[in-house]
Structures are given as C-alpha cells and as structure tokens.
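query.cif, holding mmCIF, C-alpha atoms:
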data_data
loop_
_atom_site.label_atom_id
_atom_site.label_comp_id
_atom_site.auth_asym_id
_atom_site.auth_seq_id
_atom_site.Cartn_x
_atom_site.Cartn_y
_atom_site.Cartn_z
CA SER M 230 22.52 -172.37 -237.47
CA TYR M 231 19.31 -172.47 -235.46
CA SER M 232 17.91 -169.85 -233.13
CA ALA M 233 17.84 -170.74 -229.44
CA ILE M 234 14.99 -168.99 -227.62
CA ASN M 235 14.83 -169.10 -223.81
CA LEU M 236 11.18 -168.68 -222.81
CA LEU M 237 11.60 -169.50 -219.07
CA GLY M 238 9.52 -166.99 -217.11
CA LYS M 239 8.15 -165.54 -220.36
CA SER M 240 5.16 -165.82 -222.67
CA MET M 241 4.86 -166.21 -226.41
CA ARG M 242 1.83 -164.56 -228.00
CA TYR M 243 0.57 -164.93 -231.54
CA THR M 244 -2.59 -165.02 -233.67
CA THR M 245 -3.65 -168.24 -235.34
CA ASP M 246 -6.25 -168.93 -238.02
CA LEU M 247 -7.46 -172.53 -238.24
CA THR M 248 -10.14 -171.84 -240.85
CA GLY M 249 -10.37 -174.86 -243.14
CA ALA M 250 -8.16 -177.08 -240.97
CA GLY M 251 -10.64 -179.91 -240.52
CA CYS M 252 -10.44 -183.31 -238.87
CA GLY M 253 -7.21 -185.10 -239.70
CA CYS M 254 -5.37 -181.79 -240.12
CA ASN M 255 -2.74 -180.70 -237.56
CA VAL M 256 -1.67 -177.07 -237.53
CA ALA M 257 1.41 -177.23 -235.31
CA LEU M 258 3.76 -174.77 -233.62
CA TYR M 259 6.33 -176.35 -231.36
CA LEU M 260 9.79 -175.99 -229.85
CA VAL M 261 12.60 -178.57 -230.01
CA SER M 262 16.27 -178.58 -228.92
CA MET M 263 17.78 -178.46 -232.43
CA HIS M 264 20.33 -175.80 -231.50
CA GLN M 265 21.96 -178.21 -229.02
CA ASN M 266 21.77 -181.34 -231.20
CA PRO M 267 25.34 -182.05 -232.43
CA ARG M 268 24.36 -185.02 -234.64
CA PRO M 269 22.95 -184.76 -238.16
CA SER M 270 19.59 -186.52 -238.33
CA ASP M 271 18.22 -188.92 -240.93
CA CYS M 272 16.52 -185.84 -242.46
CA ASN M 273 19.95 -184.43 -243.44
CA ASP M 274 19.78 -181.60 -240.93
CA PHE M 275 19.84 -181.45 -237.12
CA TYR M 276 16.10 -181.97 -236.60
CA CYS M 277 15.14 -183.81 -233.42
CA ASP M 278 11.98 -184.30 -231.39
CA ALA M 279 10.50 -186.49 -228.66
CA ASN M 280 9.19 -189.03 -231.18
CA ASN M 281 12.55 -189.56 -232.87
CA VAL M 282 11.01 -188.72 -236.28
CA CYS M 283 14.35 -188.18 -238.05
CA GLY M 284 16.35 -190.55 -235.86
CA GLU M 285 17.32 -188.05 -233.14
CA SER M 286 15.50 -187.56 -229.81
CA CYS M 287 15.33 -184.28 -227.89
CA ALA M 288 12.98 -182.30 -225.67
CA GLU M 289 9.82 -181.02 -227.39
CA ILE M 290 7.15 -178.52 -226.36
CA ASP M 291 4.03 -178.54 -228.53
CA MET M 292 2.53 -175.11 -228.04
CA GLN M 293 -0.17 -175.76 -230.62
CA GLU M 294 -1.36 -178.92 -232.30
CA ALA M 295 -4.79 -177.95 -233.48
CA ASN M 296 -7.55 -177.86 -236.03
CA GLU M 297 -11.08 -176.45 -236.03
CA TYR M 298 -12.22 -179.20 -233.63
CA SER M 299 -9.32 -179.83 -231.24
CA TRP M 300 -6.41 -178.15 -229.46
CA HIS M 301 -3.44 -179.77 -227.72
CA THR M 302 -0.53 -178.20 -225.85
CA THR M 303 1.96 -180.86 -224.70
CA LEU M 304 5.25 -181.19 -222.81
CA HIS M 305 7.68 -183.98 -223.80
CA THR M 306 11.08 -184.90 -222.45
CA ALA M 307 13.50 -186.33 -225.02
CA HIS M 308 12.22 -189.88 -224.49
CA ASP M 309 8.59 -189.31 -223.44
CA HIS M 310 6.74 -189.93 -226.70
CA SER M 311 3.24 -189.35 -225.28
CA GLY M 312 4.06 -186.42 -223.01
CA VAL M 313 1.52 -184.68 -220.81
CA GLY M 314 -0.92 -182.24 -222.33
CA CYS M 315 -3.89 -179.97 -221.95
CA GLY M 316 -6.55 -178.46 -224.19
CA PHE M 317 -9.55 -180.01 -225.88
CA GLY M 318 -9.21 -183.39 -227.52
CA GLY M 319 -12.19 -183.36 -229.78
CA GLY M 320 -12.71 -186.91 -230.94
CA GLY M 321 -15.60 -189.16 -230.09
CA PRO M 322 -16.85 -190.53 -226.78
CA GLY M 323 -13.98 -193.03 -226.60
CA TRP M 324 -11.27 -190.33 -226.64
CA ASN M 325 -9.28 -190.27 -223.40
CA GLY M 326 -7.18 -187.16 -224.07
CA PRO M 327 -7.50 -183.75 -222.43
CA ARG M 328 -10.91 -182.16 -222.18
CA ASP M 329 -10.23 -178.86 -220.45
CA TRP M 330 -12.89 -177.24 -222.64
CA THR M 331 -16.05 -178.35 -224.42
CA SER M 332 -17.05 -178.37 -228.08
CA GLN M 333 -19.53 -175.61 -227.19
CA GLN M 334 -16.63 -173.43 -225.99
CA TYR M 335 -14.03 -174.30 -228.66
CA GLY M 336 -14.85 -175.16 -232.26
CA PRO M 337 -16.75 -173.88 -235.28
CA GLY M 338 -19.29 -171.36 -233.90
CA GLY M 339 -17.82 -171.82 -230.37
CA GLN M 340 -19.08 -169.58 -227.56
CA CYS M 341 -15.53 -168.62 -226.49
CA ILE M 342 -13.36 -169.50 -229.48
CA ASP M 343 -15.02 -169.70 -232.89
CA THR M 344 -12.41 -171.56 -234.93
CA LYS M 345 -13.91 -170.21 -238.15
CA ARG M 346 -12.19 -166.89 -237.24
CA PRO M 347 -8.64 -165.97 -236.17
CA PHE M 348 -7.93 -165.93 -232.43
CA GLN M 349 -5.09 -165.06 -230.09
CA VAL M 350 -2.86 -167.53 -228.25
CA SER M 351 -0.64 -166.92 -225.23
CA VAL M 352 1.68 -169.71 -224.08
CA SER M 353 3.45 -169.01 -220.78
CA PHE M 354 6.36 -170.73 -219.07
CA PRO M 355 6.14 -169.66 -215.37
CA VAL M 356 9.05 -170.52 -213.08
CA ASN M 357 9.37 -171.06 -209.33
CA GLY M 358 11.71 -169.21 -206.96
CA GLN M 359 14.66 -171.31 -208.14
CA GLY M 360 14.02 -170.45 -211.80
CA LYS M 361 12.70 -173.91 -212.67
CA LEU M 362 9.74 -174.49 -214.97
CA GLU M 363 6.57 -174.84 -212.89
CA ALA M 364 3.98 -175.28 -215.60
CA LEU M 365 3.04 -174.64 -219.18
CA GLN M 366 -0.01 -172.40 -219.48
CA VAL M 367 -2.08 -171.66 -222.55
CA THR M 368 -4.77 -169.00 -222.90
CA LEU M 369 -6.93 -168.58 -226.00
CA THR M 370 -8.87 -165.33 -226.56
CA GLN M 371 -10.92 -163.95 -229.40
CA GLU M 372 -12.06 -160.44 -230.19
CA GLY M 373 -15.72 -159.99 -229.31
CA LYS M 374 -15.76 -163.03 -227.00
CA GLY M 375 -15.68 -162.48 -223.24
CA CYS M 376 -14.68 -165.97 -222.14
CA PRO M 377 -10.99 -166.77 -222.55
CA LEU M 378 -10.07 -170.46 -222.46
CA PHE M 379 -7.24 -171.43 -220.08
CA ALA M 380 -5.47 -174.72 -219.47
CA GLN M 381 -2.16 -175.77 -217.98
CA VAL M 382 0.18 -178.67 -217.49
CA ALA M 383 1.68 -178.50 -214.00
CA GLY M 384 3.70 -180.99 -211.98
CA TYR M 385 5.15 -182.79 -215.02
CA GLU M 386 7.91 -185.19 -213.97
CA GLY M 387 10.07 -183.94 -216.83
CA ASN M 388 10.06 -180.26 -215.82
CA ALA M 389 13.73 -180.41 -214.69
CA GLU M 390 14.82 -181.64 -218.13
CA LEU M 391 12.59 -179.08 -219.86
CA THR M 392 13.98 -176.31 -217.64
CA GLU M 393 17.47 -177.11 -218.91
CA ALA M 394 16.26 -177.36 -222.52
CA LEU M 395 14.52 -173.97 -222.27
CA ARG M 396 17.51 -172.40 -220.49
CA ALA M 397 19.78 -173.59 -223.33
CA GLY M 398 17.28 -172.20 -225.83
CA MET M 399 14.83 -174.06 -228.02
CA THR M 400 14.16 -173.72 -231.75
#
Show this structure as structure tokens.
Amino acid sequence: SYSAINLLGKSMRYTTDLTGAGCGCNVALYLVSMHQNPRPSDCNDFYCDANNVCGESCAEIDMQEANEYSWHTTLHTAHDHSGVGCGFGGGGPGWNGPRDWTSQQYGPGGQCIDTKRPFQVSVSFPVNGQGKLEALQVTLTQEGKGCPLFAQVAGYEGNAELTEALRAGMT
C-alpha cells in the first residue's frame, strides 16, 4: 500500500541539509507512480521509475538530486530516461547540464545558498486553465540570505503524461 499524493496546482515545502554530501553523493527526493503500478518489480515490491531500475518503468519527478556542489530538479515520463531538468549542474567546464545558478550562488559558502547549512526548498506544480501541468518550479531560500534561487522546467513534451500521473497520485 503506497500513498498517492496529487500535487497538481500545489507546492511541497521542506528543509534539507546537505552538509557532508560531497561530490559523488546524491541526496534525492523524488516522486514515482508506484501506487498505480500493478506489477511486482525485480526488487520484490512495486517500485518503478523512468530508468527501469527494478524492471518496471513509470513517470518520475526528481524534486531534489543534490549535494553540496550541485542541484537537479528533473521531469521524466515513463520512458524518458534523461528527462528535462533545471538547477545547477556543478561539474567541470565540459558539463552540459543545467546551469541556472553559479557556484558563487549555490555551494559551500554560497552567496544565496550556503550548502554547509540547512536551507528551505519549495517545489511547485502550477497548472493552466484546463488543470494541466504547466511547469515544475523550484525555489531555494536560506535564513539570513536575501537572494532566493529559482529555476523551472516549462514546456516539457511529457507534461500531459505527468499531469495524469500527478492526478492519479504519486508516491
């Protein structure tokens, strides 16, 4: 029995602490369609995700994949392994992932988000007039810092599928 949360038109807010989560570490918080998956997976439960980790594919929304040096928020349909994301990729000069922020803004000692201290996260799922997912928005704030970091994924081709997944409730 898995919970099935419908976040369409809503926001999820929480505090995260990435202290000590260095390069190679991935502190993740994500949603998948486990509640609707009728088939047991190779992991002996009903786990599923966009990368078919336990043999079952389903929609996945990565609200947070992060460490002290990088942050990713990503939308995935059931069969879109890469998805479309936003945030700050960290990495070296050859990294081609999202760079919505800079290492001066986000990271250890960052001007806006100092990842050596806890900070607040808001992930929003705004809808259009027909109740369909328009975007995924993430805002990071930190007490004592006056420069929130904002990024969004809008216009994703898979928003119709994700609308249905969210409407059915994600775990």
Exercise: segment 381-392 of chain M partners within 8 Å, only C-alpha atoms, chain neighbours under 2 positions left out, as a PyMOL selection string: chain M and resi 237+288+303-306+313-315+361-367+379+394-396
Result set of the PyMOL selection byres ((chain M and resi 254) around 10) on the coordinates above, as JSON, numbers by chain: {"M": [247, 249, 250, 251, 252, 253, 255, 256, 257, 294, 295, 296, 297, 298, 299]}
Neighbour list for Gln349 of chain M as a list in words, cut-off 10 Å, only C-alpha atoms, skip fewer than 4 positions in-chain: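 Close residues of Gln349 of chain M: Arg242, Tyr243, Thr244, Thr245, Asp246, Ile342, Thr368, Leu369, Thr370, Gln371, Glu372 and Pro377 of chain M.
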Residue members of the PyMOL selection byres ((chain M and resi 341) around 7) in the file shown, as an NGL selection string: :M and (334-335 or 339-340 or 342-343 or 374-377)
Two-atom distance - atom CA of Met241 of chain M, atom CA of Val350 of chain M (Å):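 Separating atom CA of Met241 of chain M from atom CA of Val350 of chain M is a distance of 8.0 Å.
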Matched chain/residue IDs from the PyMOL selection byres ((chain M and resi 398) around 12), as a VMD selection string: chain M and resid 231 to 237 260 to 266 288 to 290 391 to 397 399 to 400
Atom-to-atom span, atom CA of Thr331 of chain M and atom CA of Ser240 of chain M, Å: 24.7 Å
Closest of M:Cys287, M:Pro337, M:Cys277, M:Gly373 to Asp309 of chain M - atom-to-atom distances counting all atoms listed in the file: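 For Asp309 of chain M, the nearest of the candidates is M:Cys287.
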Using all atoms listed in the file: which of M:Asp291, M:Leu378, M:Asp274, M:Pro347 has the shortest distance to Phe317 of chain M: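 For Phe317 of chain M, the nearest of the given residues is M:Leu378.
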Contacts of Lys239 of chain M within 8 Å, only C-alpha atoms, excl. fewer than 5 positions in-chain, as an MDAnalysis selection string: chainID M and resid 353:355
Atom CA of Pro269 of chain M to atom CA of His308 of chain M, distance in Å rounded to a single decimal: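 Atom CA of Pro269 of chain M sits 18.1 Å away from atom CA of His308 of chain M.
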With all heavy atoms as the target, complete segment 364-375 of chain M and hand it back as a PDB file, in the frame of the given file.
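As written to disk, result.pdb reads:
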ATOM      1  N   ALA M 364       5.142-174.856-214.820  1.00  0.00           N
ATOM      2  CA  ALA M 364       3.980-175.280-215.600  1.00  0.00           C
ATOM      3  C   ALA M 364       4.117-174.758-217.026  1.00  0.00           C
ATOM      4  O   ALA M 364       4.998-173.955-217.317  1.00  0.00           O
ATOM      5  CB  ALA M 364       2.697-174.757-214.974  1.00  0.00           C
ATOM      6  N   LEU M 365       3.236-175.208-217.853  1.00  0.00           N
ATOM      7  CA  LEU M 365       3.040-174.640-219.180  1.00  0.00           C
ATOM      8  C   LEU M 365       1.588-174.206-219.202  1.00  0.00           C
ATOM      9  O   LEU M 365       0.694-175.007-218.909  1.00  0.00           O
ATOM     10  CB  LEU M 365       3.306-175.676-220.275  1.00  0.00           C
ATOM     11  CG  LEU M 365       3.032-175.223-221.702  1.00  0.00           C
ATOM     12  CD1 LEU M 365       4.039-174.160-222.125  1.00  0.00           C
ATOM     13  CD2 LEU M 365       3.104-176.391-222.658  1.00  0.00           C
ATOM     14  N   GLN M 366       1.348-172.937-219.494  1.00  0.00           N
ATOM     15  CA  GLN M 366      -0.010-172.400-219.480  1.00  0.00           C
ATOM     16  C   GLN M 366      -0.375-171.886-220.853  1.00  0.00           C
ATOM     17  O   GLN M 366       0.445-171.255-221.517  1.00  0.00           O
ATOM     18  CB  GLN M 366      -0.124-171.268-218.462  1.00  0.00           C
ATOM     19  CG  GLN M 366       0.217-171.695-217.060  1.00  0.00           C
ATOM     20  CD  GLN M 366       0.284-170.532-216.095  1.00  0.00           C
ATOM     21  OE1 GLN M 366       0.549-169.394-216.471  1.00  0.00           O
ATOM     22  NE2 GLN M 366       0.058-170.828-214.830  1.00  0.00           N
ATOM     23  N   VAL M 367      -1.601-172.159-221.262  1.00  0.00           N
ATOM     24  CA  VAL M 367      -2.080-171.660-222.550  1.00  0.00           C
ATOM     25  C   VAL M 367      -3.408-170.947-222.330  1.00  0.00           C
ATOM     26  O   VAL M 367      -4.274-171.430-221.589  1.00  0.00           O
ATOM     27  CB  VAL M 367      -2.207-172.803-223.596  1.00  0.00           C
ATOM     28  CG1 VAL M 367      -3.209-173.856-223.173  1.00  0.00           C
ATOM     29  CG2 VAL M 367      -2.589-172.258-224.952  1.00  0.00           C
ATOM     30  N   THR M 368      -3.533-169.774-222.960  1.00  0.00           N
ATOM     31  CA  THR M 368      -4.770-169.000-222.900  1.00  0.00           C
ATOM     32  C   THR M 368      -5.159-168.628-224.325  1.00  0.00           C
ATOM     33  O   THR M 368      -4.342-168.087-225.077  1.00  0.00           O
ATOM     34  CB  THR M 368      -4.594-167.716-222.058  1.00  0.00           C
ATOM     35  OG1 THR M 368      -4.114-168.075-220.770  1.00  0.00           O
ATOM     36  CG2 THR M 368      -5.914-166.973-221.931  1.00  0.00           C
ATOM     37  N   LEU M 369      -6.389-168.926-224.685  1.00  0.00           N
ATOM     38  CA  LEU M 369      -6.930-168.580-226.000  1.00  0.00           C
ATOM     39  C   LEU M 369      -7.969-167.484-225.806  1.00  0.00           C
ATOM     40  O   LEU M 369      -8.840-167.607-224.936  1.00  0.00           O
ATOM     41  CB  LEU M 369      -7.589-169.786-226.663  1.00  0.00           C
ATOM     42  CG  LEU M 369      -6.785-171.082-226.735  1.00  0.00           C
ATOM     43  CD1 LEU M 369      -7.590-172.158-227.454  1.00  0.00           C
ATOM     44  CD2 LEU M 369      -5.446-170.867-227.405  1.00  0.00           C
ATOM     45  N   THR M 370      -7.893-166.419-226.602  1.00  0.00           N
ATOM     46  CA  THR M 370      -8.870-165.330-226.560  1.00  0.00           C
ATOM     47  C   THR M 370      -9.277-164.978-227.974  1.00  0.00           C
ATOM     48  O   THR M 370      -8.539-165.253-228.933  1.00  0.00           O
ATOM     49  CB  THR M 370      -8.298-164.080-225.856  1.00  0.00           C
ATOM     50  OG1 THR M 370      -7.119-163.660-226.556  1.00  0.00           O
ATOM     51  CG2 THR M 370      -7.974-164.346-224.398  1.00  0.00           C
ATOM     52  N   GLN M 371     -10.450-164.352-228.077  1.00  0.00           N
ATOM     53  CA  GLN M 371     -10.920-163.950-229.400  1.00  0.00           C
ATOM     54  C   GLN M 371     -11.676-162.634-229.263  1.00  0.00           C
ATOM     55  O   GLN M 371     -12.489-162.465-228.335  1.00  0.00           O
ATOM     56  CB  GLN M 371     -11.827-165.020-229.986  1.00  0.00           C
ATOM     57  CG  GLN M 371     -12.137-164.830-231.455  1.00  0.00           C
ATOM     58  CD  GLN M 371     -12.773-166.074-232.044  1.00  0.00           C
ATOM     59  OE1 GLN M 371     -13.670-166.664-231.462  1.00  0.00           O
ATOM     60  NE2 GLN M 371     -12.288-166.487-233.218  1.00  0.00           N
ATOM     61  N   GLU M 372     -11.398-161.738-230.186  1.00  0.00           N
ATOM     62  CA  GLU M 372     -12.060-160.440-230.190  1.00  0.00           C
ATOM     63  C   GLU M 372     -13.570-160.633-230.235  1.00  0.00           C
ATOM     64  O   GLU M 372     -14.085-161.447-231.006  1.00  0.00           O
ATOM     65  CB  GLU M 372     -11.593-159.633-231.397  1.00  0.00           C
ATOM     66  CG  GLU M 372     -12.037-158.191-231.373  1.00  0.00           C
ATOM     67  CD  GLU M 372     -11.449-157.398-232.521  1.00  0.00           C
ATOM     68  OE1 GLU M 372     -10.238-157.566-232.808  1.00  0.00           O
ATOM     69  OE2 GLU M 372     -12.210-156.627-233.121  1.00  0.00           O
ATOM     70  N   GLY M 373     -14.261-159.914-229.363  1.00  0.00           N
ATOM     71  CA  GLY M 373     -15.720-159.990-229.310  1.00  0.00           C
ATOM     72  C   GLY M 373     -16.244-161.109-228.421  1.00  0.00           C
ATOM     73  O   GLY M 373     -17.450-161.236-228.232  1.00  0.00           O
ATOM     74  N   LYS M 374     -15.363-161.926-227.890  1.00  0.00           N
ATOM     75  CA  LYS M 374     -15.760-163.030-227.000  1.00  0.00           C
ATOM     76  C   LYS M 374     -15.220-162.730-225.603  1.00  0.00           C
ATOM     77  O   LYS M 374     -14.039-162.432-225.452  1.00  0.00           O
ATOM     78  CB  LYS M 374     -15.195-164.369-227.493  1.00  0.00           C
ATOM     79  CG  LYS M 374     -15.560-164.723-228.918  1.00  0.00           C
ATOM     80  CD  LYS M 374     -16.935-165.303-229.003  1.00  0.00           C
ATOM     81  CE  LYS M 374     -17.212-165.796-230.417  1.00  0.00           C
ATOM     82  NZ  LYS M 374     -18.405-166.577-230.495  1.00  0.00           N
ATOM     83  N   GLY M 375     -16.065-162.823-224.604  1.00  0.00           N
ATOM     84  CA  GLY M 375     -15.680-162.480-223.240  1.00  0.00           C
ATOM     85  C   GLY M 375     -15.333-163.666-222.362  1.00  0.00           C
ATOM     86  O   GLY M 375     -15.416-163.567-221.145  1.00  0.00           O
TER      87      GLY M 375
END
